[in-house]
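run_25.tsv (TSV, C-alpha atoms)
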chain	number	residue	atom	x	y	z
A	18	MET	CA	-10.02	0.19	-14.46
A	19	GLU	CA	-13.05	1.28	-12.47
A	20	LEU	CA	-12.33	-0.40	-9.14
A	21	GLN	CA	-15.86	-0.90	-7.82
A	22	THR	CA	-16.98	-2.57	-11.05
A	23	GLU	CA	-13.88	-4.75	-11.11
A	24	LEU	CA	-14.42	-5.95	-7.54
A	25	GLN	CA	-18.10	-6.64	-8.15
A	26	GLN	CA	-17.19	-8.73	-11.19
A	27	ARG	CA	-14.73	-10.74	-9.09
A	28	LEU	CA	-17.37	-11.29	-6.41
A	29	LYS	CA	-19.44	-13.18	-8.96
A	30	LYS	CA	-16.73	-15.85	-8.90
A	31	LYS	CA	-15.51	-15.64	-5.29
A	32	ASN	CA	-17.32	-15.54	-1.96
A	33	ILE	CA	-14.86	-13.01	-0.56
A	34	LEU	CA	-11.85	-11.17	-1.98
A	35	LEU	CA	-8.41	-10.70	-0.44
A	36	MET	CA	-6.39	-7.52	-0.06
A	37	THR	CA	-2.87	-7.58	1.32
A	38	HIS	CA	-0.53	-4.87	2.53
A	39	LEU	CA	3.20	-4.29	2.47
A	40	VAL	CA	5.51	-1.45	3.40
A	41	LEU	CA	7.67	-0.41	0.48
A	42	GLY	CA	11.37	-0.80	1.18
A	43	TYR	CA	10.87	-3.15	4.14
A	44	PRO	CA	12.92	-5.16	4.50
A	45	SER	CA	13.97	-4.22	0.94
A	46	LEU	CA	12.41	-3.55	-2.43
A	47	ASP	CA	13.82	-6.87	-3.68
A	48	THR	CA	11.98	-8.70	-0.90
A	49	ASN	CA	8.86	-6.67	-1.70
A	50	LYS	CA	9.07	-8.02	-5.25
A	51	GLU	CA	9.29	-11.61	-4.02
A	52	VAL	CA	6.35	-11.11	-1.67
A	53	ILE	CA	4.16	-9.52	-4.34
A	54	GLU	CA	4.92	-12.38	-6.72
A	55	GLN	CA	3.82	-14.86	-4.03
A	56	MET	CA	0.66	-12.87	-3.41
A	57	ALA	CA	-0.21	-12.45	-7.09
A	58	LEU	CA	0.35	-16.10	-7.93
A	59	ASN	CA	-1.92	-17.22	-5.10
A	60	GLY	CA	-4.97	-15.15	-5.95
A	61	VAL	CA	-4.76	-11.85	-4.06
A	62	ASP	CA	-7.16	-9.32	-5.59
A	63	CYS	CA	-5.80	-6.03	-4.23
A	64	ILE	CA	-2.48	-4.98	-2.74
A	65	GLU	CA	-1.87	-1.86	-0.65
A	66	LEU	CA	1.59	-0.45	-1.29
A	67	GLN	CA	2.43	1.68	1.74
A	68	ILE	CA	4.70	4.66	1.13
A	69	PRO	CA	6.60	4.89	4.44
A	70	PHE	CA	5.97	7.82	6.76
A	71	SER	CA	7.63	8.69	10.06
A	72	GLU	CA	4.40	8.85	12.09
A	73	PRO	CA	1.94	6.26	10.73
A	74	ILE	CA	-0.75	6.94	13.32
A	75	ALA	CA	-3.17	4.16	12.29
A	76	ASP	CA	-0.51	1.46	12.34
A	77	GLY	CA	0.52	-0.85	15.15
A	78	PRO	CA	4.05	-1.83	16.25
A	79	VAL	CA	4.87	-4.22	13.40
A	80	ILE	CA	4.00	-1.82	10.59
A	81	LEU	CA	5.40	1.15	12.53
A	82	LYS	CA	8.76	-0.62	12.79
A	83	ALA	CA	8.64	-1.47	9.09
A	84	ASN	CA	8.03	2.20	8.24
A	85	GLN	CA	10.88	3.36	10.44
A	86	GLN	CA	13.39	0.84	9.12
A	87	SER	CA	12.48	1.54	5.51
A	88	LEU	CA	12.98	5.27	6.07
A	89	GLU	CA	16.27	4.65	7.85
A	90	ALA	CA	17.42	2.64	4.83
A	91	GLY	CA	16.73	5.66	2.63
A	92	ILE	CA	13.52	4.82	0.74
A	93	THR	CA	12.18	7.75	-1.29
A	94	VAL	CA	8.76	8.58	-2.69
A	95	GLU	CA	10.30	8.51	-6.16
A	96	GLN	CA	11.49	4.93	-5.61
A	97	CYS	CA	7.98	4.01	-4.46
A	98	PHE	CA	6.45	5.38	-7.66
A	99	ALA	CA	8.98	3.56	-9.84
A	100	PHE	CA	8.42	0.32	-7.94
A	101	ALA	CA	4.64	0.65	-8.19
A	102	ALA	CA	4.87	1.19	-11.94
A	103	GLU	CA	6.92	-1.97	-12.33
A	104	MET	CA	4.55	-4.09	-10.23
A	105	ALA	CA	1.36	-2.78	-11.86
A	106	ALA	CA	2.78	-3.57	-15.29
A	107	LYS	CA	3.97	-7.03	-14.27
A	108	TYR	CA	0.78	-8.12	-12.47
A	109	PRO	CA	-2.17	-6.61	-14.37
A	110	ASP	CA	-4.66	-8.92	-12.62
A	111	VAL	CA	-3.89	-7.31	-9.26
A	112	CYS	CA	-5.51	-4.01	-8.26
A	113	PHE	CA	-2.71	-1.96	-6.69
A	114	LEU	CA	-3.42	1.01	-4.41
A	115	PHE	CA	-1.12	3.40	-2.62
A	116	MET	CA	-1.58	3.67	1.13
A	117	THR	CA	0.16	6.50	2.96
A	118	TYR	CA	-0.43	9.54	5.16
A	119	TYR	CA	-1.45	12.98	4.02
A	120	ASN	CA	1.87	14.66	4.86
A	121	ILE	CA	3.48	12.67	2.04
A	122	VAL	CA	0.78	13.74	-0.41
A	123	PHE	CA	0.84	17.38	0.71
A	124	LYS	CA	4.62	17.60	0.39
A	125	TYR	CA	4.52	16.05	-3.10
A	126	GLY	CA	1.56	18.15	-4.17
A	127	GLU	CA	-1.96	16.73	-4.28
A	128	ALA	CA	-2.52	17.03	-8.02
A	129	ALA	CA	0.98	15.83	-8.92
A	130	PHE	CA	0.68	12.86	-6.54
A	131	LEU	CA	-2.68	11.76	-7.89
A	132	ARG	CA	-1.73	12.16	-11.55
A	133	ARG	CA	1.47	10.21	-11.00
A	134	THR	CA	-0.47	7.49	-9.15
A	135	ARG	CA	-2.79	7.14	-12.13
A	136	ASP	CA	0.06	7.24	-14.64
A	137	VAL	CA	1.98	4.40	-12.98
A	138	GLY	CA	-1.10	2.18	-13.21
A	139	LEU	CA	-2.56	2.20	-9.71
A	140	VAL	CA	-6.33	2.20	-9.20
A	141	GLY	CA	-6.78	4.12	-5.97
A	142	THR	CA	-5.41	5.61	-2.76
A	143	ILE	CA	-5.88	4.95	0.95
A	144	ILE	CA	-5.11	7.99	3.15
A	145	PRO	CA	-6.36	7.17	6.67
A	146	ASP	CA	-5.68	10.61	8.17
A	147	LEU	CA	-7.55	12.64	5.53
A	148	PRO	CA	-11.21	13.09	6.50
A	149	PRO	CA	-13.59	14.00	3.66
A	150	GLU	CA	-14.20	17.48	5.09
A	151	GLU	CA	-10.51	18.32	4.73
A	152	GLY	CA	-9.95	16.61	1.40
A	153	GLU	CA	-12.57	18.02	-0.95
A	154	GLN	CA	-10.08	18.76	-3.73
A	155	TYR	CA	-8.37	15.43	-3.23
A	156	PHE	CA	-11.58	13.47	-3.55
A	157	ALA	CA	-12.78	15.51	-6.51
A	158	LEU	CA	-9.54	15.19	-8.46
A	159	SER	CA	-9.30	11.49	-7.67
A	160	LYS	CA	-12.68	10.90	-9.25
A	161	GLU	CA	-11.80	13.09	-12.22
A	162	LEU	CA	-8.71	10.93	-12.78
A	163	GLU	CA	-10.75	7.71	-12.28
A	164	LEU	CA	-8.81	6.84	-9.14
A	165	ALA	CA	-10.75	5.41	-6.20
A	166	PRO	CA	-10.33	7.48	-3.01
A	167	ILE	CA	-11.01	4.96	-0.25
A	168	THR	CA	-13.02	6.09	2.77
A	169	PHE	CA	-13.22	4.52	6.22
A	170	PHE	CA	-15.95	3.32	8.55
A	171	THR	CA	-15.08	2.64	12.21
A	172	PRO	CA	-16.98	1.00	15.07
A	173	THR	CA	-17.53	4.47	16.56
A	174	SER	CA	-19.08	5.88	13.37
A	175	THR	CA	-22.77	6.73	13.62
A	176	ALA	CA	-25.14	5.65	10.87
A	177	GLU	CA	-25.39	9.27	9.76
A	178	ARG	CA	-21.61	9.63	9.63
A	179	MET	CA	-21.23	6.42	7.62
A	180	THR	CA	-23.75	7.61	5.05
A	181	GLU	CA	-22.01	10.97	4.77
A	182	VAL	CA	-18.50	9.50	4.47
A	183	ALA	CA	-19.51	6.88	1.91
A	184	GLN	CA	-20.75	9.55	-0.47
A	185	HIS	CA	-17.19	10.86	-0.86
A	186	GLY	CA	-15.49	7.56	-1.63
A	187	GLU	CA	-15.31	5.13	-4.52
A	188	GLY	CA	-14.01	1.63	-5.11
A	189	PHE	CA	-14.79	0.15	-1.70
A	190	VAL	CA	-15.15	1.22	1.92
A	191	TYR	CA	-12.46	0.16	4.36
A	192	CYS	CA	-14.28	-1.02	7.50
A	193	VAL	CA	-11.98	-0.86	10.50
A	194	ALA	CA	-12.85	-3.96	12.50
A	195	ARG	CA	-12.15	-2.52	15.94
A	196	ARG	CA	-10.89	0.52	17.82
A	197	GLY	CA	-7.16	1.14	17.98
A	198	VAL	CA	-4.29	0.50	15.59
A	199	THR	CA	-3.47	-2.30	13.17
A	200	GLY	CA	-2.03	-5.61	14.25
A	201	LYS	CA	-3.94	-6.70	17.34
A	202	GLN	CA	-6.20	-9.71	16.97
A	203	THR	CA	-9.82	-8.85	16.24
A	204	ALA	CA	-12.67	-10.84	17.74
A	205	ILE	CA	-14.90	-12.07	14.93
A	206	ASP	CA	-18.20	-12.23	16.78
A	207	GLU	CA	-21.79	-11.03	16.85
A	208	SER	CA	-20.82	-7.43	17.60
A	209	LEU	CA	-18.71	-7.37	14.43
A	210	ASP	CA	-21.58	-8.87	12.46
A	211	SER	CA	-23.89	-6.13	13.76
A	212	TYR	CA	-21.35	-3.44	12.88
A	213	LEU	CA	-20.92	-4.79	9.35
A	214	GLU	CA	-24.67	-4.87	8.88
A	215	GLN	CA	-24.73	-1.19	9.79
A	216	CYS	CA	-21.92	-0.59	7.28
A	217	ARG	CA	-23.88	-2.43	4.60
A	218	GLN	CA	-26.92	-0.25	5.15
A	219	ALA	CA	-24.85	2.91	4.70
A	220	THR	CA	-23.36	2.19	1.27
A	221	GLY	CA	-23.66	0.19	-1.90
A	222	LEU	CA	-19.86	0.01	-2.23
A	223	PRO	CA	-18.07	-3.26	-1.47
A	224	LEU	CA	-16.96	-3.62	2.16
A	225	ALA	CA	-13.32	-4.44	2.96
A	226	VAL	CA	-12.60	-5.40	6.57
A	227	GLY	CA	-9.18	-4.95	8.14
A	228	PHE	CA	-7.31	-4.47	11.44
A	229	GLY	CA	-6.42	-7.80	13.05
A	230	ILE	CA	-7.56	-10.22	10.32
A	231	SER	CA	-4.88	-12.88	10.29
A	232	ASN	CA	-5.98	-16.44	9.58
A	233	ARG	CA	-8.23	-18.84	7.71
A	234	ASP	CA	-10.89	-18.84	10.43
A	235	ASP	CA	-11.16	-15.06	10.32
A	236	ILE	CA	-11.72	-15.18	6.55
A	237	ALA	CA	-14.35	-17.88	6.89
A	238	MET	CA	-16.22	-15.88	9.55
A	239	LEU	CA	-16.17	-12.73	7.41
A	240	THR	CA	-17.49	-14.52	4.35
A	241	GLY	CA	-21.08	-13.48	3.77
A	242	ASN	CA	-20.73	-10.33	5.87
A	243	ALA	CA	-17.89	-8.60	4.02
A	244	ASP	CA	-16.73	-8.46	0.41
A	245	MET	CA	-12.99	-8.31	1.01
A	246	ALA	CA	-10.67	-9.28	3.88
A	247	VAL	CA	-7.55	-7.18	4.48
A	248	ILE	CA	-4.40	-8.95	5.65
A	249	GLY	CA	-1.63	-6.60	6.80
A	250	THR	CA	0.44	-7.20	9.90
A	251	ALA	CA	0.18	-11.00	9.63
A	252	THR	CA	2.01	-11.06	6.30
A	253	ILE	CA	4.75	-8.68	7.42
A	254	ARG	CA	5.31	-10.73	10.57
A	255	LEU	CA	5.46	-13.90	8.47
A	256	VAL	CA	8.15	-12.44	6.20
A	257	ASP	CA	10.12	-11.35	9.28
A	258	GLU	CA	9.98	-14.82	10.79
A	259	GLN	CA	10.09	-17.16	7.80
A	260	GLY	CA	11.04	-15.16	4.71
A	261	ALA	CA	9.22	-14.25	1.51
A	262	ALA	CA	8.77	-17.85	0.37
A	263	ALA	CA	6.35	-18.48	3.25
A	264	VAL	CA	3.87	-15.94	1.90
A	265	GLY	CA	2.65	-18.11	-1.00
A	266	PRO	CA	1.40	-21.03	1.11
A	267	PHE	CA	-0.10	-18.61	3.64
A	268	ILE	CA	-2.08	-16.74	0.99
A	269	ALA	CA	-3.12	-20.00	-0.66
A	270	GLU	CA	-4.51	-21.19	2.68
A	271	LEU	CA	-6.46	-17.96	3.14
A	272	ALA	CA	-7.77	-18.12	-0.40
A	273	GLY	CA	-8.93	-21.66	0.29
A	274	ALA	CA	-11.15	-20.35	3.05
A	275	ALA	CA	-12.57	-17.63	0.85

Go ahead and render the structure in this file as structure tokens.
Amino acid sequence: MELQTELQQRLKKKNILLMTHLVLGYPSLDTNKEVIEQMALNGVDCIELQIPFSEPIADGPVILKANQQSLEAGITVEQCFAFAAEMAAKYPDVCFLFMTYYNIVFKYGEAAFLRRTRDVGLVGTIIPDLPPEEGEQYFALSKELELAPITFFTPTSTAERMTEVAQHGEGFVYCVARRGVTGKQTAIDESLDSYLEQCRQATGLPLAVGFGISNRDDIAMLTGNADMAVIGTATIRLVDEQGAAAVGPFIAELAGAA
């Protein structure tokens, strides 16, 4: 599957797409399965499967805690690959991507990690701490294997930097909605609109917006300015508070705003 083409095809039928996020092994792989089923049945387009890491520097307190508890429970990279293979086979309509930090990839071996990611049926990778200048081989091999290496825009990126970064990525660009880590509420206002317009001018790839997107109103406000909304912390918090069964209605409500 060529991710950019797939997303553009979906955008012919939807005003905005949805991508969700979960931490593998938190609170358990069995719960992860329940949550993914709820997400898939209610129209999620992409799911980030986060391989836990001890120092997830882009993540806020909720996802940090999830990483730590999953590691404490003994999750392994091998279990993450096996789980991803099962989910990709079971839900072929969902575009699954691995999200993790470069230490995990480096320890596993870049080429081995990417080939295994392709072989288990995933369509791309999200490595927030790997800038293009330090990942030339990673980006090149990803493209050779037809995996989408996702790049990032941030509110502090200059127009020149955005253009440069976008040239390295494929699939979509992850537009960080505000400074800081994941989880805090993001103000959906004119300054975000202006930022997303700058993002749009820098690339022809679809724009996914994350960091603090958490409800129906956020999705509605992003519609027309972004191509995909990313829901991360909100879903994990919901599972913590209400259990996996609450995810279906939540996603259905978000999809209704899309």

Have a look at atom CA of Ala272 of chain A and atom CA of Leu66 of chain A and let me know their distance in Å, one decimal. 20.0 Å

Non-local contacts of Glu163 of chain A (12 Å; all atoms listed in the file; under 5 positions in same chain excluded) as a VMD selection string: chain A and resid 18 to 21 131 to 132 134 to 136 138 to 142 156 to 158 186 to 188

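Across A:Ala176, A:Ala99, A:Leu28, A:Ala83, the tightest approach to Tyr43 of chain A is made by A:Ala83 when counting all atoms listed in the file.
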
Point-to-point distance in Å for atom CA of Phe189 of chain A and atom CA of Gly221 of chain A: 8.9 Å

The distance between atom CA of Tyr108 of chain A and atom CA of Pro78 of chain A is 29.6 Å

Would you mind writing segment 25-48 of chain A with N, CA and C atoms, as an mmCIF file, in the coordinates of the input?
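Output file out.cif is given in full below:
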data_model
loop_
_atom_site.group_PDB
_atom_site.id
_atom_site.type_symbol
_atom_site.label_atom_id
_atom_site.label_comp_id
_atom_site.auth_asym_id
_atom_site.auth_seq_id
_atom_site.Cartn_x
_atom_site.Cartn_y
_atom_site.Cartn_z
ATOM 1 N N GLN A 25 -16.792 -5.989 -8.063
ATOM 2 C CA GLN A 25 -18.100 -6.640 -8.150
ATOM 3 C C GLN A 25 -18.095 -7.780 -9.156
ATOM 4 N N GLN A 26 -17.330 -7.629 -10.225
ATOM 5 C CA GLN A 26 -17.190 -8.730 -11.190
ATOM 6 C C GLN A 26 -16.491 -9.921 -10.545
ATOM 7 N N ARG A 27 -15.461 -9.660 -9.767
ATOM 8 C CA ARG A 27 -14.730 -10.740 -9.090
ATOM 9 C C ARG A 27 -15.602 -11.458 -8.065
ATOM 10 N N LEU A 28 -16.494 -10.690 -7.431
ATOM 11 C CA LEU A 28 -17.370 -11.290 -6.410
ATOM 12 C C LEU A 28 -18.410 -12.232 -7.007
ATOM 13 N N LYS A 29 -18.562 -12.200 -8.310
ATOM 14 C CA LYS A 29 -19.440 -13.180 -8.960
ATOM 15 C C LYS A 29 -18.808 -14.559 -8.992
ATOM 16 N N LYS A 30 -17.469 -14.589 -8.833
ATOM 17 C CA LYS A 30 -16.730 -15.850 -8.900
ATOM 18 C C LYS A 30 -16.161 -16.276 -7.552
ATOM 19 N N LYS A 31 -16.091 -15.345 -6.601
ATOM 20 C CA LYS A 31 -15.510 -15.640 -5.290
ATOM 21 C C LYS A 31 -16.483 -15.205 -4.198
ATOM 22 N N ASN A 32 -16.466 -15.914 -3.083
ATOM 23 C CA ASN A 32 -17.320 -15.540 -1.960
ATOM 24 C C ASN A 32 -16.795 -14.310 -1.222
ATOM 25 N N ILE A 33 -15.471 -14.169 -1.191
ATOM 26 C CA ILE A 33 -14.860 -13.010 -0.560
ATOM 27 C C ILE A 33 -13.500 -12.783 -1.217
ATOM 28 N N LEU A 34 -13.121 -11.518 -1.348
ATOM 29 C CA LEU A 34 -11.850 -11.170 -1.980
ATOM 30 C C LEU A 34 -10.781 -10.960 -0.915
ATOM 31 N N LEU A 35 -9.522 -10.917 -1.351
ATOM 32 C CA LEU A 35 -8.410 -10.700 -0.440
ATOM 33 C C LEU A 35 -7.606 -9.468 -0.843
ATOM 34 N N MET A 36 -7.311 -8.638 0.135
ATOM 35 C CA MET A 36 -6.390 -7.520 -0.060
ATOM 36 C C MET A 36 -5.250 -7.656 0.933
ATOM 37 N N THR A 37 -4.034 -7.505 0.454
ATOM 38 C CA THR A 37 -2.870 -7.580 1.320
ATOM 39 C C THR A 37 -2.169 -6.232 1.363
ATOM 40 N N HIS A 38 -1.175 -6.154 2.235
ATOM 41 C CA HIS A 38 -0.530 -4.870 2.530
ATOM 42 C C HIS A 38 0.958 -5.130 2.706
ATOM 43 N N LEU A 39 1.776 -4.240 2.141
ATOM 44 C CA LEU A 39 3.200 -4.290 2.470
ATOM 45 C C LEU A 39 3.764 -2.883 2.509
ATOM 46 N N VAL A 40 4.844 -2.743 3.255
ATOM 47 C CA VAL A 40 5.510 -1.450 3.400
ATOM 48 C C VAL A 40 6.668 -1.414 2.415
ATOM 49 N N LEU A 41 6.650 -0.468 1.516
ATOM 50 C CA LEU A 41 7.670 -0.410 0.480
ATOM 51 C C LEU A 41 9.049 -0.127 1.084
ATOM 52 N N GLY A 42 10.014 -0.938 0.664
ATOM 53 C CA GLY A 42 11.370 -0.800 1.180
ATOM 54 C C GLY A 42 11.652 -1.609 2.420
ATOM 55 N N TYR A 43 10.647 -2.302 2.958
ATOM 56 C CA TYR A 43 10.870 -3.150 4.140
ATOM 57 C C TYR A 43 10.627 -4.610 3.810
ATOM 58 N N PRO A 44 11.560 -5.500 4.084
ATOM 59 C CA PRO A 44 12.920 -5.160 4.500
ATOM 60 C C PRO A 44 13.791 -4.618 3.356
ATOM 61 N N SER A 45 13.302 -4.786 2.110
ATOM 62 C CA SER A 45 13.970 -4.220 0.940
ATOM 63 C C SER A 45 13.001 -4.277 -0.229
ATOM 64 N N LEU A 46 13.264 -3.498 -1.249
ATOM 65 C CA LEU A 46 12.410 -3.550 -2.430
ATOM 66 C C LEU A 46 12.519 -4.903 -3.125
ATOM 67 N N ASP A 47 13.677 -5.536 -3.073
ATOM 68 C CA ASP A 47 13.820 -6.870 -3.680
ATOM 69 C C ASP A 47 12.927 -7.880 -2.965
ATOM 70 N N THR A 48 12.879 -7.803 -1.647
ATOM 71 C CA THR A 48 11.980 -8.700 -0.900
ATOM 72 C C THR A 48 10.528 -8.361 -1.200
#
